[in-house]
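Below is structure.txt, which holds compact mmCIF, C-alpha atoms.
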```
# COMPACT_ATOMS: atom_id res chain seq x y z
CA MET Z 952 -84.66 10.40 31.93
CA SER Z 953 -87.92 12.30 32.05
CA GLU Z 954 -87.70 12.87 35.78
CA GLU Z 955 -88.52 16.30 37.00
CA LYS Z 956 -85.25 16.56 38.86
CA LYS Z 957 -83.23 19.44 37.61
CA ALA Z 958 -79.65 20.11 38.53
CA ARG Z 959 -78.52 23.51 39.66
CA VAL Z 960 -75.76 24.67 37.35
CA LEU Z 961 -72.88 26.44 39.07
CA VAL Z 962 -69.93 28.09 37.42
CA VAL Z 963 -66.74 28.56 39.40
CA THR Z 964 -65.04 31.54 37.82
CA SER Z 965 -62.59 34.34 38.58
CA GLY Z 966 -61.04 36.05 35.60
CA LYS Z 967 -57.58 35.80 37.05
CA GLY Z 968 -55.71 32.52 36.99
CA GLY Z 969 -54.27 30.75 39.97
CA VAL Z 970 -56.72 32.03 42.56
CA GLY Z 971 -58.20 28.62 43.34
CA LYS Z 972 -60.99 27.86 40.87
CA THR Z 973 -60.05 24.26 40.31
CA THR Z 974 -59.21 23.62 43.96
CA SER Z 975 -62.55 25.12 44.95
CA THR Z 976 -64.49 23.20 42.28
CA ALA Z 977 -63.02 19.94 43.56
CA ALA Z 978 -63.47 20.82 47.23
CA LEU Z 979 -67.07 22.04 46.86
CA GLY Z 980 -68.06 19.21 44.52
CA ALA Z 981 -66.65 16.61 46.90
CA ALA Z 982 -68.29 18.27 49.92
CA LEU Z 983 -71.70 18.36 48.22
CA ALA Z 984 -71.32 14.73 47.18
CA HIS Z 985 -70.10 13.72 50.62
CA ASN Z 986 -73.31 15.20 52.03
CA GLY Z 987 -75.32 12.96 49.73
CA ASP Z 988 -76.01 15.01 46.62
CA ASN Z 989 -75.38 13.83 43.09
CA VAL Z 990 -72.65 15.99 41.63
CA VAL Z 991 -70.87 16.27 38.31
CA VAL Z 992 -67.89 18.58 37.91
CA ILE Z 993 -66.95 19.68 34.39
CA ASP Z 994 -63.55 21.00 33.42
CA PHE Z 995 -63.94 23.76 30.81
CA ASP Z 996 -60.25 24.53 30.60
CA VAL Z 997 -59.68 23.02 27.17
CA GLY Z 998 -55.99 22.57 26.49
CA LEU Z 999 -54.98 23.06 30.11
CA ARG Z 1000 -57.08 20.58 32.00
CA ASN Z 1001 -56.28 20.11 35.66
CA LEU Z 1002 -59.44 19.18 37.47
CA ASP Z 1003 -58.71 15.51 36.75
CA LEU Z 1004 -55.32 15.91 38.41
CA VAL Z 1005 -56.66 17.66 41.49
CA LEU Z 1006 -59.25 14.89 41.83
CA GLY Z 1007 -56.65 12.18 41.33
CA ALA Z 1008 -58.40 10.84 38.24
CA GLU Z 1009 -55.80 11.82 35.64
CA ARG Z 1010 -55.03 8.24 34.66
CA ARG Z 1011 -58.66 7.31 34.24
CA VAL Z 1012 -59.54 9.86 31.57
CA VAL Z 1013 -60.41 8.04 28.37
CA PHE Z 1014 -63.02 10.32 26.87
CA ASP Z 1015 -63.52 14.00 27.58
CA LEU Z 1016 -65.96 16.86 27.06
CA ILE Z 1017 -64.79 17.52 23.51
CA ASN Z 1018 -65.18 13.84 22.57
CA VAL Z 1019 -68.77 14.00 23.78
CA ILE Z 1020 -69.46 17.22 21.91
CA HIS Z 1021 -68.01 15.77 18.70
CA GLY Z 1022 -69.96 12.55 19.09
CA VAL Z 1023 -66.85 10.40 19.53
CA ALA Z 1024 -68.14 9.18 22.88
CA LYS Z 1025 -71.47 9.06 24.62
CA LEU Z 1026 -71.83 11.12 27.75
CA PRO Z 1027 -72.02 8.15 30.19
CA GLN Z 1028 -68.77 6.80 28.74
CA ALA Z 1029 -66.98 10.06 29.48
CA LEU Z 1030 -68.18 10.47 33.06
CA ILE Z 1031 -65.55 9.33 35.55
CA ARG Z 1032 -66.84 8.22 38.92
CA ASP Z 1033 -64.82 9.27 41.94
CA LYS Z 1034 -63.31 6.36 43.85
CA ARG Z 1035 -63.88 7.86 47.28
CA VAL Z 1036 -67.34 9.37 46.91
CA GLU Z 1037 -69.42 7.45 44.42
CA ASN Z 1038 -71.97 10.20 43.73
CA LEU Z 1039 -69.25 12.54 42.49
CA GLN Z 1040 -68.45 12.35 38.79
CA LEU Z 1041 -66.02 14.17 36.55
CA LEU Z 1042 -66.23 15.23 32.94
CA ALA Z 1043 -62.67 16.07 31.97
CA ALA Z 1044 -61.51 18.72 29.53
CA SER Z 1045 -59.52 17.68 26.52
CA GLN Z 1046 -55.88 18.43 25.94
CA THR Z 1047 -56.49 19.59 22.38
CA ARG Z 1048 -55.00 22.89 21.38
CA ASP Z 1049 -58.00 23.73 19.25
CA LYS Z 1050 -59.91 26.30 21.24
CA ASP Z 1051 -62.85 26.17 18.85
CA ALA Z 1052 -63.43 22.53 19.71
CA LEU Z 1053 -65.83 23.76 22.36
CA THR Z 1054 -69.02 24.84 20.63
CA GLU Z 1055 -71.94 26.66 22.10
CA GLU Z 1056 -74.47 24.10 20.86
CA GLY Z 1057 -72.30 21.24 22.05
CA VAL Z 1058 -72.04 22.65 25.55
CA ALA Z 1059 -75.78 23.32 25.66
CA LYS Z 1060 -76.47 19.71 24.67
CA VAL Z 1061 -74.18 18.28 27.32
CA ILE Z 1062 -75.68 20.46 30.06
CA ASP Z 1063 -79.21 19.54 28.97
CA GLU Z 1064 -78.35 15.87 29.10
CA LEU Z 1065 -76.77 16.15 32.55
CA ARG Z 1066 -79.49 18.26 34.14
CA PRO Z 1067 -82.03 15.54 34.90
CA LYS Z 1068 -79.38 13.17 36.29
CA PHE Z 1069 -77.69 15.34 38.89
CA ASP Z 1070 -78.39 17.73 41.74
CA TRP Z 1071 -75.41 19.91 40.93
CA ILE Z 1072 -73.46 20.59 37.76
CA ILE Z 1073 -70.30 22.50 38.61
CA CYS Z 1074 -68.47 24.10 35.71
CA ASP Z 1075 -64.81 24.85 36.37
CA SER Z 1076 -64.07 27.89 34.22
CA PRO Z 1077 -60.74 28.60 32.59
CA ALA Z 1078 -59.03 31.85 33.54
CA GLY Z 1079 -59.54 34.86 31.32
CA ILE Z 1080 -62.59 36.43 29.74
CA GLU Z 1081 -62.42 34.64 26.42
CA ARG Z 1082 -64.66 32.05 24.86
CA GLY Z 1083 -63.86 29.23 27.27
CA ALA Z 1084 -64.81 31.37 30.24
CA THR Z 1085 -68.01 32.68 28.66
CA LEU Z 1086 -69.03 29.16 27.60
CA ALA Z 1087 -68.44 27.87 31.12
CA MET Z 1088 -70.78 30.50 32.56
CA ARG Z 1089 -73.28 30.38 29.71
CA HIS Z 1090 -75.86 28.09 31.35
CA ALA Z 1091 -75.17 28.91 34.96
CA ASP Z 1092 -77.97 29.38 37.46
CA ALA Z 1093 -75.45 30.61 39.98
CA ALA Z 1094 -71.84 31.71 39.94
CA ILE Z 1095 -69.14 31.31 42.51
CA ILE Z 1096 -66.64 34.09 41.99
CA VAL Z 1097 -63.30 33.11 43.46
CA THR Z 1098 -60.99 35.90 44.47
CA ASN Z 1099 -57.91 36.42 46.61
CA PRO Z 1100 -57.73 39.50 48.82
CA GLU Z 1101 -55.36 41.14 46.38
CA VAL Z 1102 -55.81 43.97 43.86
CA SER Z 1103 -55.44 42.22 40.51
CA SER Z 1104 -57.65 39.37 41.53
CA VAL Z 1105 -60.40 41.68 42.80
CA ARG Z 1106 -60.24 43.76 39.65
CA ASP Z 1107 -60.59 40.70 37.43
CA ALA Z 1108 -63.45 39.45 39.58
CA ASP Z 1109 -65.22 42.71 38.86
CA ARG Z 1110 -64.88 42.15 35.13
CA ILE Z 1111 -66.21 38.64 35.45
CA ILE Z 1112 -69.21 39.98 37.37
CA GLY Z 1113 -69.84 42.26 34.39
CA LEU Z 1114 -69.79 39.26 32.06
CA LEU Z 1115 -72.12 37.28 34.30
CA ASP Z 1116 -74.58 40.16 34.03
CA SER Z 1117 -74.41 40.29 30.25
CA LYS Z 1118 -73.19 37.10 28.59
CA THR Z 1119 -75.12 34.38 30.35
CA GLU Z 1120 -78.36 32.80 29.15
CA LYS Z 1121 -80.08 34.04 32.27
CA ALA Z 1122 -78.88 37.61 31.73
CA GLU Z 1123 -80.07 37.52 28.13
CA ARG Z 1124 -83.49 36.46 29.33
CA GLY Z 1125 -83.52 39.46 31.66
CA GLU Z 1126 -82.93 37.33 34.74
CA ARG Z 1127 -80.01 37.39 37.10
CA VAL Z 1128 -77.39 34.77 37.78
CA ASP Z 1129 -77.09 34.32 41.55
CA LYS Z 1130 -73.65 35.45 42.50
CA HIS Z 1131 -71.57 34.24 45.44
CA LEU Z 1132 -68.16 35.43 46.43
CA LEU Z 1133 -65.59 32.95 47.68
CA ILE Z 1134 -62.49 34.57 49.12
CA THR Z 1135 -59.58 32.17 49.08
CA ARG Z 1136 -56.05 32.28 50.52
CA PHE Z 1137 -57.19 34.63 53.23
CA ASP Z 1138 -54.77 35.27 56.06
CA PRO Z 1139 -56.63 36.80 59.03
CA TRP Z 1140 -53.41 37.86 60.75
CA ARG Z 1141 -52.10 39.76 57.78
CA ALA Z 1142 -55.50 41.35 57.19
CA GLN Z 1143 -55.58 42.43 60.80
CA ARG Z 1144 -52.19 44.07 60.44
CA GLY Z 1145 -53.41 45.95 57.38
CA GLU Z 1146 -51.13 44.06 55.04
CA MET Z 1147 -53.94 42.39 53.18
CA LEU Z 1148 -57.34 43.60 52.03
CA ALA Z 1149 -59.92 42.86 54.69
CA ILE Z 1150 -63.02 40.80 53.93
CA GLU Z 1151 -65.18 43.91 54.35
CA ASP Z 1152 -63.02 45.79 51.83
CA VAL Z 1153 -63.49 43.13 49.17
CA LEU Z 1154 -67.21 42.89 49.87
CA GLU Z 1155 -67.66 46.63 49.70
CA ILE Z 1156 -65.78 46.88 46.43
CA LEU Z 1157 -67.46 43.98 44.66
CA SER Z 1158 -70.89 44.07 46.36
CA VAL Z 1159 -71.48 40.37 45.97
CA PRO Z 1160 -72.75 38.29 48.90
CA LEU Z 1161 -70.10 36.24 50.61
CA LEU Z 1162 -70.26 32.47 50.30
CA GLY Z 1163 -67.19 31.67 52.31
CA ILE Z 1164 -63.72 32.57 53.45
CA ILE Z 1165 -61.11 29.94 52.72
CA PRO Z 1166 -58.03 30.51 54.87
CA GLU Z 1167 -54.56 30.21 53.46
CA SER Z 1168 -53.42 26.75 54.43
CA GLU Z 1169 -50.76 24.21 53.62
CA GLU Z 1170 -53.51 21.59 53.60
CA VAL Z 1171 -54.68 22.83 50.21
CA LEU Z 1172 -51.35 22.09 48.57
CA ARG Z 1173 -51.03 18.83 50.45
CA ALA Z 1174 -54.41 17.73 49.10
CA SER Z 1175 -53.63 18.60 45.51
CA ASN Z 1176 -50.26 16.88 45.80
CA VAL Z 1177 -51.99 13.60 46.50
CA GLY Z 1178 -54.89 14.20 44.12
CA SER Z 1179 -57.67 14.47 46.63
CA PRO Z 1180 -60.07 17.37 47.29
CA VAL Z 1181 -59.16 19.05 50.55
CA THR Z 1182 -62.67 18.40 51.86
CA LEU Z 1183 -62.02 14.65 51.64
CA ASN Z 1184 -58.30 14.57 52.26
CA SER Z 1185 -58.37 16.44 55.58
CA ALA Z 1186 -61.97 17.12 56.39
CA GLN Z 1187 -61.14 18.62 59.77
CA SER Z 1188 -58.65 21.13 58.44
CA ALA Z 1189 -59.50 24.83 58.43
CA PRO Z 1190 -59.95 25.15 54.64
CA ALA Z 1191 -62.07 21.99 54.51
CA ARG Z 1192 -64.35 23.25 57.26
CA ALA Z 1193 -64.64 26.55 55.41
CA TYR Z 1194 -65.64 24.71 52.22
CA PHE Z 1195 -68.19 22.62 54.13
CA ASP Z 1196 -69.67 25.83 55.54
CA ALA Z 1197 -69.84 27.28 52.03
CA VAL Z 1198 -71.69 24.19 50.81
CA ARG Z 1199 -74.26 24.53 53.56
CA ARG Z 1200 -74.79 28.17 52.58
CA LEU Z 1201 -75.18 27.12 48.95
CA LYS Z 1202 -78.02 24.89 50.08
CA GLY Z 1203 -79.69 27.80 51.80
CA GLU Z 1204 -78.61 27.19 55.37
CA GLN Z 1205 -77.68 30.10 57.60
CA VAL Z 1206 -74.16 29.48 58.81
CA PRO Z 1207 -72.22 32.04 60.84
CA MET Z 1208 -69.30 33.43 58.86
CA ASN Z 1209 -66.23 32.33 60.78
CA VAL Z 1210 -62.70 32.52 59.58
CA HIS Z 1211 -61.52 29.02 60.39
CA THR Z 1212 -57.99 28.84 61.64
CA GLU Z 1213 -55.58 26.20 62.66
CA SER Z 1214 -53.51 26.83 65.70
CA ARG Z 1215 -49.97 27.24 64.61
CA GLY Z 1216 -48.47 26.08 67.86
CA LEU Z 1217 -45.98 23.29 68.06
CA LEU Z 1218 -48.23 21.31 70.38
CA ASN Z 1219 -50.94 21.31 67.78
CA LYS Z 1220 -48.60 20.02 65.15
CA LEU Z 1221 -47.53 17.24 67.47
CA PHE Z 1222 -51.00 16.24 68.55
CA GLY Z 1223 -52.78 16.38 65.24
CA ARG Z 1224 -55.14 18.82 63.68
CA LYS Z 1225 -58.34 17.90 65.34
CA ALA Z 1226 -57.80 20.42 68.10
CA ALA Z 1227 -58.97 23.34 66.03
CA ALA Z 1228 -62.64 23.94 66.64
CA MET Q 117 -58.64 51.16 58.22
CA ASN Q 118 -58.06 53.17 61.37
CA ILE Q 119 -55.44 55.24 63.10
CA PHE Q 120 -53.55 52.13 63.99
CA SER Q 121 -53.04 51.16 60.42
CA LEU Q 122 -51.75 54.65 59.62
CA PHE Q 123 -48.99 54.26 62.11
CA ARG Q 124 -48.01 50.95 60.67
CA ARG Q 125 -47.97 52.30 57.14
CA SER Q 126 -50.22 49.44 56.19
CA SER Q 127 -50.76 48.88 52.52
CA ALA Q 128 -54.26 47.42 52.50
CA PRO Q 129 -56.01 50.82 52.66
CA VAL Q 130 -53.98 51.91 49.64
CA ALA Q 131 -55.06 48.79 47.76
CA ARG Q 132 -58.64 49.43 48.70
CA GLU Q 133 -58.61 53.03 47.54
CA ARG Q 134 -56.85 52.28 44.27
CA LEU Q 135 -59.35 49.55 43.51
CA GLN Q 136 -62.32 51.75 44.30
CA ILE Q 137 -61.15 54.47 41.94
CA LEU Q 138 -60.14 52.10 39.17
CA LEU Q 139 -63.29 50.02 39.26
CA ALA Q 140 -65.53 53.09 39.31
CA HIS Q 141 -63.98 54.07 35.97
CA GLU Q 142 -63.99 50.61 34.49
CA ARG Q 143 -67.62 50.06 35.34
CA ILE Q 144 -68.65 53.23 33.53
CA GLU Q 145 -66.72 52.23 30.44
CA ARG Q 146 -68.18 48.76 30.51
CA ASN Q 147 -71.70 50.08 30.44
CA GLN Q 148 -71.10 52.06 27.26
CA PRO Q 149 -69.97 49.36 24.91
CA ASP Q 150 -67.37 50.88 22.60
CA LEU Q 151 -68.97 54.31 22.41
CA LEU Q 152 -65.81 55.65 20.82
CA GLY Q 153 -65.83 52.98 18.13
CA VAL Q 154 -69.41 53.76 17.16
CA LEU Q 155 -68.78 57.52 17.17
CA ARG Q 156 -65.70 57.09 15.03
CA GLU Q 157 -67.48 55.05 12.43
CA GLU Q 158 -70.46 57.38 12.14
CA ILE Q 159 -68.51 60.63 12.17
CA LEU Q 160 -66.11 59.39 9.51
CA ALA Q 161 -68.95 58.16 7.35
CA VAL Q 162 -70.49 61.64 7.31
CA ILE Q 163 -67.23 63.49 6.64
CA SER Q 164 -66.08 61.10 3.98
CA ARG Q 165 -69.14 61.98 1.93
CA HIS Q 166 -67.65 65.42 1.41
CA VAL Q 167 -63.94 65.23 1.99
CA HIS Q 168 -61.27 62.70 1.30
CA PHE Q 169 -58.82 61.81 3.96
CA GLU Q 170 -56.61 58.98 4.99
CA PRO Q 171 -58.44 56.84 7.49
CA ASP Q 172 -55.26 56.35 9.46
CA LYS Q 173 -54.79 60.13 9.81
CA VAL Q 174 -57.80 60.32 12.05
CA ARG Q 175 -57.68 60.70 15.79
CA ILE Q 176 -60.75 60.54 17.95
CA GLU Q 177 -60.48 60.88 21.69
CA VAL Q 178 -62.54 61.64 24.70
CA ASP Q 179 -60.91 63.70 27.42
CA ARG Q 180 -62.72 63.00 30.63
CA GLY Q 181 -62.74 65.99 32.92
CA LYS Q 182 -64.25 66.46 36.33
CA SER Q 183 -67.28 68.50 35.35
CA MET Q 184 -67.25 67.94 31.61
CA SER Q 185 -65.63 65.86 28.94
CA THR Q 186 -64.36 66.84 25.52
CA LEU Q 187 -64.68 64.85 22.36
CA VAL Q 188 -61.73 65.57 20.10
CA VAL Q 189 -61.96 64.68 16.43
CA ASP Q 190 -58.76 65.40 14.60
CA ILE Q 191 -58.71 64.63 10.88
CA GLU Q 192 -55.78 65.46 8.67
CA ILE Q 193 -56.95 66.62 5.26
CA PRO Q 194 -54.45 66.96 2.40
CA ASN Q 195 -54.24 70.54 1.06
CA SER Q 196 -55.14 69.58 -2.48
CA GLU Q 197 -58.60 68.66 -1.29
CA GLN Q 198 -61.56 70.91 -1.92
CA ILE Q 199 -63.67 71.14 1.15
CA SER Q 200 -66.60 72.97 -0.39
CA GLY Q 201 -68.14 72.77 -3.80
CA ILE Q 202 -68.93 69.58 -5.57
CA ALA Q 203 -68.19 66.60 -3.49
CA PRO Q 204 -65.83 64.08 -4.99
CA PRO Q 205 -67.24 60.63 -5.59
CA TYR Q 206 -67.94 58.74 -2.43
CA THR Q 207 -65.55 56.01 -1.55
CA PRO Q 208 -66.51 53.43 0.98
CA LEU Q 209 -64.78 54.09 4.23
CA LYS Q 210 -62.01 51.77 5.22
CA LEU Q 211 -61.57 51.99 8.93
CA ASP Q 212 -58.90 49.43 9.03
CA PRO Q 213 -56.68 49.79 5.99
CA GLY Q 214 -54.44 46.89 5.18
CA PRO Q 215 -50.74 47.38 5.68
CA GLY Q 216 -49.60 50.05 3.27
CA GLU Q 217 -52.03 49.40 0.46
CA SER Q 218 -54.93 51.76 1.02
CA GLY Q 219 -53.68 54.73 -0.94
CA PRO Q 220 -54.20 54.16 -4.68
CA ALA Q 221 -57.94 54.77 -4.83
CA MET Q 222 -57.56 58.15 -3.21
CA ASP Q 223 -54.67 59.30 -5.35
CA GLN Q 224 -56.61 58.51 -8.46
CA GLN Q 225 -59.52 60.60 -7.32
CA VAL Q 226 -57.37 63.60 -6.57
CA ALA Q 227 -55.98 63.55 -10.09
```
Would you give me this structure, written as structure tokens?
Amino acid sequence: MSEEKKARVLVVTSGKGGVGKTTSTAALGAALAHNGDNVVVIDFDVGLRNLDLVLGAERRVVFDLINVIHGVAKLPQALIRDKRVENLQLLAASQTRDKDALTEEGVAKVIDELRPKFDWIICDSPAGIERGATLAMRHADAAIIVTNPEVSSVRDADRIIGLLDSKTEKAERGERVDKHLLITRFDPWRAQRGEMLAIEDVLEILSVPLLGIIPESEEVLRASNVGSPVTLNSAQSAPARAYFDAVRRLKGEQVPMNVHTESRGLLNKLFGRKAAA
Amino acid sequence: MNIFSLFRRSSAPVARERLQILLAHERIERNQPDLLGVLREEILAVISRHVHFEPDKVRIEVDRGKSMSTLVVDIEIPNSEQISGIAPPYTPLKLDPGPGESGPAMDQQVA
């Protein structure tokens, strides 16, 4: 318990809903764990939990974050160990409708208790800029801002960046939360044709360093259908490779920023997906 | 981004430009947390020491222009009020009057 090891707390946030926060939390968490780190992912979306579903653990949730905060369960009882990668654990959100069930002190206590036991604590933020979102980012050392190359998503990301600079513990201490931009559902062909904001456009507008570019891919939906993070379900797929690159960058490695693509040719479909390099 | 995209009537440059303009404005507003709210409260507090008015007959706006902005304070004052002379007793300012029921105190003072 009194080890010096201290987890890095990440918040995966976006403002806008449906841009890929939960998918990215699961994919990044699984990739970090797959590479040997101890990871806990926490679902902060009280009332609309989904991280359990994306991780395929929905039927194993007995106790959740709110139960721990209210003292109904102890933290170790509520942590659900992933069946594929044993050093990945999940703390689910509750399905309660009571938004005030999440208290600031309660969240602080849970994070403090988790910190010495893990390398990474990844907080999956709910959409919006309300309490749930600000509580999810409250203790973050670093933020992963997920955005699609699309106007409303970029605008909301900008608002979230404002909150990260004002409402987090670090900001209140006069420090800065490290910010990383993760662009999801990117289609290089459409961007090239000028139908979609280019990566450079988004970077110029938001001025946040780029963590990764996750290409639009059917593999993402396929993975969530079967309840497995895309980084485990099809590790060779373009989005999975993009998430693995992002994880290496998170750990400080210099990785060239490639837009991973899968060949769309018929031959490729016939002969499997390993051809993409 | 270039001549090519102009020919194709591509929409991404439009998105980019709209975002740049919008976010430039929103960032300015964000950095002045509710300036208008604070101004409103303080201005009304001063005026209400001397004049009675209905809090919901007050309009405060900022018109942002290119080289300068205008602060517009528009307060409707009932004619029966005396603007100069002895100030009527001070009533605490209600910025957010309940539905319908904020009048009686003022009527009594006019009488």
**Request:** Please provide the set of residues having any atom within 8 Å of Thr1182 (chain Z), restricted to all atoms listed in the file, with same-chain residues fewer than 3 positions apart removed, written as a list in words.
**Result:** Ala978, Leu979, Ala981, Ala982, Ser1185, Ala1186, Pro1190, Ala1191, Arg1192, Tyr1194 and Phe1195 of chain Z
Can you check which parts of chain Z lie within 10 Å of chain Q? Per residue, the shortest pair of atoms and distance in Å to one decimal, counting only C-alpha atoms, sorted by chain and number, as a Markdown table.
```
| residue | atom | partner | partner_atom | distance |
| --- | --- | --- | --- | --- |
| Z:Pro1100 | CA | Q:Ala128 | CA | 9.4 |
| Z:Glu1101 | CA | Q:Ala131 | CA | 7.8 |
| Z:Val1102 | CA | Q:Ala131 | CA | 6.2 |
| Z:Ser1103 | CA | Q:Leu135 | CA | 8.8 |
| Z:Val1105 | CA | Q:Leu135 | CA | 8.0 |
| Z:Arg1106 | CA | Q:Leu139 | CA | 7.0 |
| Z:Asp1107 | CA | Q:Leu139 | CA | 9.9 |
| Z:Asp1109 | CA | Q:Leu139 | CA | 7.6 |
| Z:Arg1110 | CA | Q:Arg143 | CA | 8.4 |
| Z:Gly1113 | CA | Q:Arg146 | CA | 7.7 |
| Z:Leu1114 | CA | Q:Arg146 | CA | 9.8 |
| Z:Arg1141 | CA | Q:Ala128 | CA | 9.6 |
| Z:Ala1142 | CA | Q:Ala128 | CA | 7.8 |
| Z:Gln1143 | CA | Q:Ser121 | CA | 9.1 |
| Z:Arg1144 | CA | Q:Ser126 | CA | 7.1 |
| Z:Gly1145 | CA | Q:Ser126 | CA | 4.9 |
| Z:Glu1146 | CA | Q:Ala128 | CA | 5.2 |
| Z:Met1147 | CA | Q:Ala128 | CA | 5.1 |
| Z:Leu1148 | CA | Q:Ala128 | CA | 4.9 |
| Z:Ala1149 | CA | Q:Ala128 | CA | 7.6 |
| Z:Asp1152 | CA | Q:Arg132 | CA | 6.5 |
| Z:Val1153 | CA | Q:Arg132 | CA | 8.0 |
| Z:Glu1155 | CA | Q:Gln136 | CA | 9.2 |
| Z:Ile1156 | CA | Q:Gln136 | CA | 6.3 |
| Z:Leu1157 | CA | Q:Leu139 | CA | 9.1 |
```
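Distance check against Ser1045 (chain Z) using all atoms listed in the file: of Z:Leu1004, Z:Leu999, Z:Leu1201, Z:Ala1087, the minimum falls on Z:Leu999.
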**Prompt:** Could you work out how far CA of Arg1048 (chain Z) lies from CA of Val1013 (chain Z), giving the answer in Å with one decimal?
**Reply:**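 Taking CA of Val1013 (chain Z) and CA of Arg1048 (chain Z), their separation equals 17.3 Å.
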**Request:** Work out how far apart CA of Gln1046 (chain Z) and CA of Leu1115 (chain Z) are and give it in Å to one decimal.
**Result:**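 Atom-to-atom, CA of Gln1046 (chain Z) and CA of Leu1115 (chain Z) are spaced 26.2 Å apart.
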**Request:** Taking the point (-75.8, 27.3, 39.0) as given in the file, collect each protein or nucleic acid residue that comes within 7 Å of it, counting all atoms listed in the file, and present the set as a list in words.
**Result:**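 Within 7 Å of (-75.8, 27.3, 39.0), the protein and nucleic acid residues are Arg959, Val960, Leu961, Val962, Ala1091, Asp1092, Ala1093 and Ala1094 of chain Z.
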Which residues are close to Val178 (chain Q), i.e. within 9 Å by all atoms listed in the file, leaving aside same-chain residues fewer than 5 positions away? Reply as a short mmCIF file (atom, residue, chain, number, x, y, z; two decimals) with C-alpha atoms, in the frame of the given file.
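Once everything was written out, this is part13.cif:
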```cif
data_model
loop_
_atom_site.label_atom_id
_atom_site.label_comp_id
_atom_site.auth_asym_id
_atom_site.auth_seq_id
_atom_site.Cartn_x
_atom_site.Cartn_y
_atom_site.Cartn_z
CA LEU Q 152 -65.81 55.65 20.82
CA SER Q 185 -65.63 65.86 28.94
CA THR Q 186 -64.36 66.84 25.52
CA LEU Q 187 -64.68 64.85 22.36
CA VAL Q 188 -61.73 65.57 20.10
CA VAL Q 189 -61.96 64.68 16.43
#
```
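Computed from the coordinates, the CA of Thr1119 (chain Z) to CA of Ser1076 (chain Z) distance equals 13.4 Å.
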**Request:** Excluding Val174 (chain Q) and residues on its chain fewer than 3 positions from it, collect all residues at most 7 Å away from it, counting all atoms listed in the file, and give them as a ChimeraX atom specification.
**Result:** /Q:171,190-192
**Item:** For region 1171-1174 of chain Z: contacts at 10 Å, all atoms listed in the file, fewer than 2 positions along chain excluded, given as a list in words
**Value:**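 Here the qualifying residues turn out to be Gly971, Thr974, Ser975, Ala978, Val1005, Leu1006, Gly1007, Arg1136, Ile1165, Pro1166, Glu1167, Ser1168, Glu1169, Asn1176, Val1177, Gly1178, Ser1179, Pro1180, Val1181, Thr1182, Leu1183, Asn1184, Ser1185, Ser1188, Ala1189, Pro1190 and Ala1191 of chain Z.
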